[in-house]
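Raw protein_35.cif, mmCIF, C-alpha atoms, pLDDT in the B column; chains and numbers go by the auth columns:
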```
data_query
loop_
_atom_site.group_PDB
_atom_site.id
_atom_site.type_symbol
_atom_site.label_atom_id
_atom_site.label_comp_id
_atom_site.label_asym_id
_atom_site.label_seq_id
_atom_site.Cartn_x
_atom_site.Cartn_y
_atom_site.Cartn_z
_atom_site.B_iso_or_equiv
_atom_site.auth_seq_id
_atom_site.auth_asym_id
ATOM 1 C CA MET A 1 0.000 0.000 0.000 54.00 137 A
ATOM 2 C CA GLU A 2 1.307 3.409 -0.911 67.00 138 A
ATOM 3 C CA ASN A 3 1.890 6.098 1.624 71.00 139 A
ATOM 4 C CA LEU A 4 -0.258 9.006 0.509 74.00 140 A
ATOM 5 C CA ARG A 5 1.330 12.323 1.215 75.00 141 A
ATOM 6 C CA PRO A 6 -0.842 15.378 1.621 75.00 142 A
ATOM 7 C CA ARG A 7 -1.262 17.727 -1.320 78.00 143 A
ATOM 8 C CA ILE A 8 0.980 20.771 -1.480 77.00 144 A
ATOM 9 C CA GLU A 9 -0.756 23.947 -0.397 78.00 145 A
ATOM 10 C CA PHE A 10 0.298 26.622 -2.863 77.00 146 A
ATOM 11 C CA TYR A 11 -0.889 29.845 -1.210 82.00 147 A
ATOM 12 C CA ARG A 12 0.526 29.709 2.287 85.00 148 A
ATOM 13 C CA GLN A 13 3.051 31.745 4.218 90.00 149 A
ATOM 14 C CA ARG A 14 6.325 29.847 4.550 89.00 150 A
ATOM 15 C CA SER A 15 9.867 30.471 5.640 92.00 151 A
ATOM 16 C CA PHE A 16 12.695 30.165 3.131 93.00 152 A
ATOM 17 C CA SER A 17 13.628 26.619 4.141 93.00 153 A
ATOM 18 C CA GLU A 18 9.994 25.499 3.887 91.00 154 A
ATOM 19 C CA LYS A 19 9.791 27.056 0.404 91.00 155 A
ATOM 20 C CA MET A 20 12.858 25.099 -0.685 93.00 156 A
ATOM 21 C CA ASN A 21 11.497 21.855 0.776 92.00 157 A
ATOM 22 C CA ILE A 22 8.118 22.314 -0.925 90.00 158 A
ATOM 23 C CA THR A 23 9.810 23.180 -4.241 91.00 159 A
ATOM 24 C CA PHE A 24 11.893 19.997 -4.192 93.00 160 A
ATOM 25 C CA ALA A 25 8.857 17.963 -3.117 90.00 161 A
ATOM 26 C CA PHE A 26 6.896 19.354 -6.070 89.00 162 A
ATOM 27 C CA ILE A 27 9.721 18.510 -8.492 92.00 163 A
ATOM 28 C CA ARG A 28 10.047 15.040 -6.964 91.00 164 A
ATOM 29 C CA GLU A 29 6.315 14.388 -7.472 89.00 165 A
ATOM 30 C CA ASN A 30 6.104 15.830 -11.008 90.00 166 A
ATOM 31 C CA TRP A 31 9.478 15.136 -12.592 92.00 167 A
ATOM 32 C CA LYS A 32 8.148 13.188 -15.591 94.00 168 A
ATOM 33 C CA PRO A 33 5.771 15.866 -16.951 93.00 169 A
ATOM 34 C CA LEU A 34 8.352 18.578 -16.230 91.00 170 A
ATOM 35 C CA LEU A 35 10.992 16.634 -18.164 92.00 171 A
ATOM 36 C CA ILE A 36 8.671 15.956 -21.109 94.00 172 A
ATOM 37 C CA TYR A 37 7.488 19.564 -21.437 89.00 173 A
ATOM 38 C CA SER A 38 10.983 20.999 -21.061 87.00 174 A
ATOM 39 C CA PHE A 39 12.161 18.582 -23.771 90.00 175 A
ATOM 40 C CA TYR A 40 9.351 19.718 -26.097 92.00 176 A
ATOM 41 C CA VAL A 41 10.287 23.377 -25.540 88.00 177 A
ATOM 42 C CA ILE A 42 14.085 23.154 -25.546 90.00 178 A
ATOM 43 C CA MET A 43 14.668 20.633 -28.359 91.00 179 A
ATOM 44 C CA PRO A 44 13.452 22.826 -31.271 92.00 180 A
ATOM 45 C CA ILE A 45 15.430 25.766 -29.880 92.00 181 A
ATOM 46 C CA CYS A 46 18.549 23.576 -29.682 90.00 182 A
ATOM 47 C CA LEU A 47 18.110 22.434 -33.274 92.00 183 A
ATOM 48 C CA ILE A 48 17.744 26.021 -34.532 92.00 184 A
ATOM 49 C CA GLN A 49 20.758 27.051 -32.464 91.00 185 A
ATOM 50 C CA ALA A 50 22.898 24.227 -33.874 91.00 186 A
ATOM 51 C CA TYR A 51 21.956 25.151 -37.452 91.00 187 A
ATOM 52 C CA ALA A 52 22.709 28.842 -36.792 89.00 188 A
ATOM 53 C CA LEU A 53 26.103 28.008 -35.266 89.00 189 A
ATOM 54 C CA ASN A 54 26.987 25.775 -38.218 91.00 190 A
ATOM 55 C CA SER A 55 25.981 28.476 -40.723 86.00 191 A
ATOM 56 C CA MET A 56 27.816 31.174 -38.759 85.00 192 A
ATOM 57 C CA LEU A 57 31.048 29.189 -38.691 86.00 193 A
ATOM 58 C CA SER A 58 30.712 28.373 -42.389 85.00 194 A
ATOM 59 C CA ALA A 59 30.230 32.071 -43.172 79.00 195 A
ATOM 60 C CA SER A 60 33.180 32.949 -40.951 79.00 196 A
ATOM 61 C CA PHE A 61 35.523 30.502 -42.690 81.00 197 A
ATOM 62 C CA ALA A 62 34.245 31.575 -46.105 75.00 198 A
ATOM 63 C CA ALA A 63 34.904 35.217 -45.210 70.00 199 A
ATOM 64 C CA GLY A 64 38.399 34.292 -44.041 70.00 200 A
ATOM 65 C CA THR A 65 39.272 32.541 -47.265 72.00 201 A
ATOM 66 C CA ASN A 66 37.667 35.250 -49.409 66.00 202 A
ATOM 67 C CA ALA A 67 39.495 38.009 -47.491 59.00 203 A
ATOM 68 C CA THR A 68 42.826 36.762 -48.754 57.00 204 A
ATOM 69 C CA ILE A 69 41.542 36.572 -52.330 57.00 205 A
ATOM 70 C CA ALA A 70 39.205 39.571 -52.587 53.00 206 A
ATOM 71 C CA SER A 71 39.953 43.147 -51.615 54.00 207 A
ATOM 72 C CA SER A 72 36.878 43.652 -49.410 53.00 208 A
ATOM 73 C CA PRO A 73 36.170 41.179 -46.586 51.00 209 A
ATOM 74 C CA PHE A 74 32.731 42.750 -46.045 53.00 210 A
ATOM 75 C CA GLY A 75 30.227 41.429 -48.497 57.00 211 A
ATOM 76 C CA SER A 76 27.301 39.098 -48.465 62.00 212 A
ATOM 77 C CA SER A 77 29.283 36.800 -46.151 69.00 213 A
ATOM 78 C CA PHE A 78 29.277 39.495 -43.438 75.00 214 A
ATOM 79 C CA ILE A 79 25.499 39.872 -43.685 79.00 215 A
ATOM 80 C CA ASN A 80 25.125 36.096 -43.523 79.00 216 A
ATOM 81 C CA PHE A 81 27.469 35.963 -40.513 79.00 217 A
ATOM 82 C CA ALA A 82 25.630 38.769 -38.692 84.00 218 A
ATOM 83 C CA THR A 83 22.221 37.200 -39.326 87.00 219 A
ATOM 84 C CA ASN A 84 23.335 33.798 -38.070 86.00 220 A
ATOM 85 C CA TYR A 85 24.990 35.401 -35.062 88.00 221 A
ATOM 86 C CA GLY A 86 21.747 37.221 -34.214 90.00 222 A
ATOM 87 C CA VAL A 87 19.719 34.009 -34.468 89.00 223 A
ATOM 88 C CA LEU A 88 22.310 32.221 -32.343 89.00 224 A
ATOM 89 C CA MET A 89 22.172 34.874 -29.625 92.00 225 A
ATOM 90 C CA CYS A 90 18.348 34.847 -29.575 92.00 226 A
ATOM 91 C CA CYS A 91 18.344 31.065 -29.201 89.00 227 A
ATOM 92 C CA MET A 92 20.928 31.276 -26.446 88.00 228 A
ATOM 93 C CA MET A 93 18.843 33.805 -24.517 91.00 229 A
ATOM 94 C CA VAL A 94 15.645 31.780 -24.872 89.00 230 A
ATOM 95 C CA GLY A 95 17.367 28.497 -24.088 83.00 231 A
ATOM 96 C CA SER A 96 19.142 29.761 -21.021 83.00 232 A
#
```
This entry written out as structure tokens:
Amino acid sequence: MENLRPRIEFYRQRSFSEKMNITFAFIRENWKPLLIYSFYVIMPICLIQAYALNSMLSASFAAGTNATIASSPFGSSFINFATNYGVLMCCMMVGS
């Protein structure tokens, strides 16, 4: 027979240590749904971030090789690099 613990009262005055204990108790009781929902939110952001990082590094290396050949290192590769860097930073802020 399972030991039934009482439900967590959400709106109650607590000290700091009681707040920490209740928080960990809530996570302990609901870890599966929390893990599933965080996976559904974070995984698409991680995929977009990985693609942006790959494109940014490709643009960076392409700009480095074109800088030795061409006279102007700033061209469409710089716009591509800046766009990918912006997407990467947005994904980092949302993901963190």
Result set, the PyMOL selection byres ((chain A and resi 161-176) around 12) on current file, as an MDAnalysis selection string: chainID A and resid 140:146 154:160 177:183 231:232
Near-Leu193 in chain A list (12 Å; only C-alpha atoms; drop same-chain fewer than 3 positions) as a list in words: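 The neighbour list is Ala186, Tyr187, Ala188, Leu189, Asn190, Ser196, Phe197, Ala198, Ala199, Gly200, Ser213, Phe214, Asn216, Phe217, Ala218, Thr219, Asn220, Tyr221 and Leu224 of chain A.
The gap separating CA of Met229 in chain A from CA of Gln185 in chain A is 10.6 Å, in Å to one decimal.
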Length of the CA of Thr201 in chain A to CA of Gly222 in chain A vector [Å]: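 Distance between the two atoms: 22.3 Å.
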Two-atom distance - CA of Ile215 in chain A, CA of Ser194 in chain A (Å):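 Separation of CA of Ile215 in chain A and CA of Ser194 in chain A: 12.7 Å.
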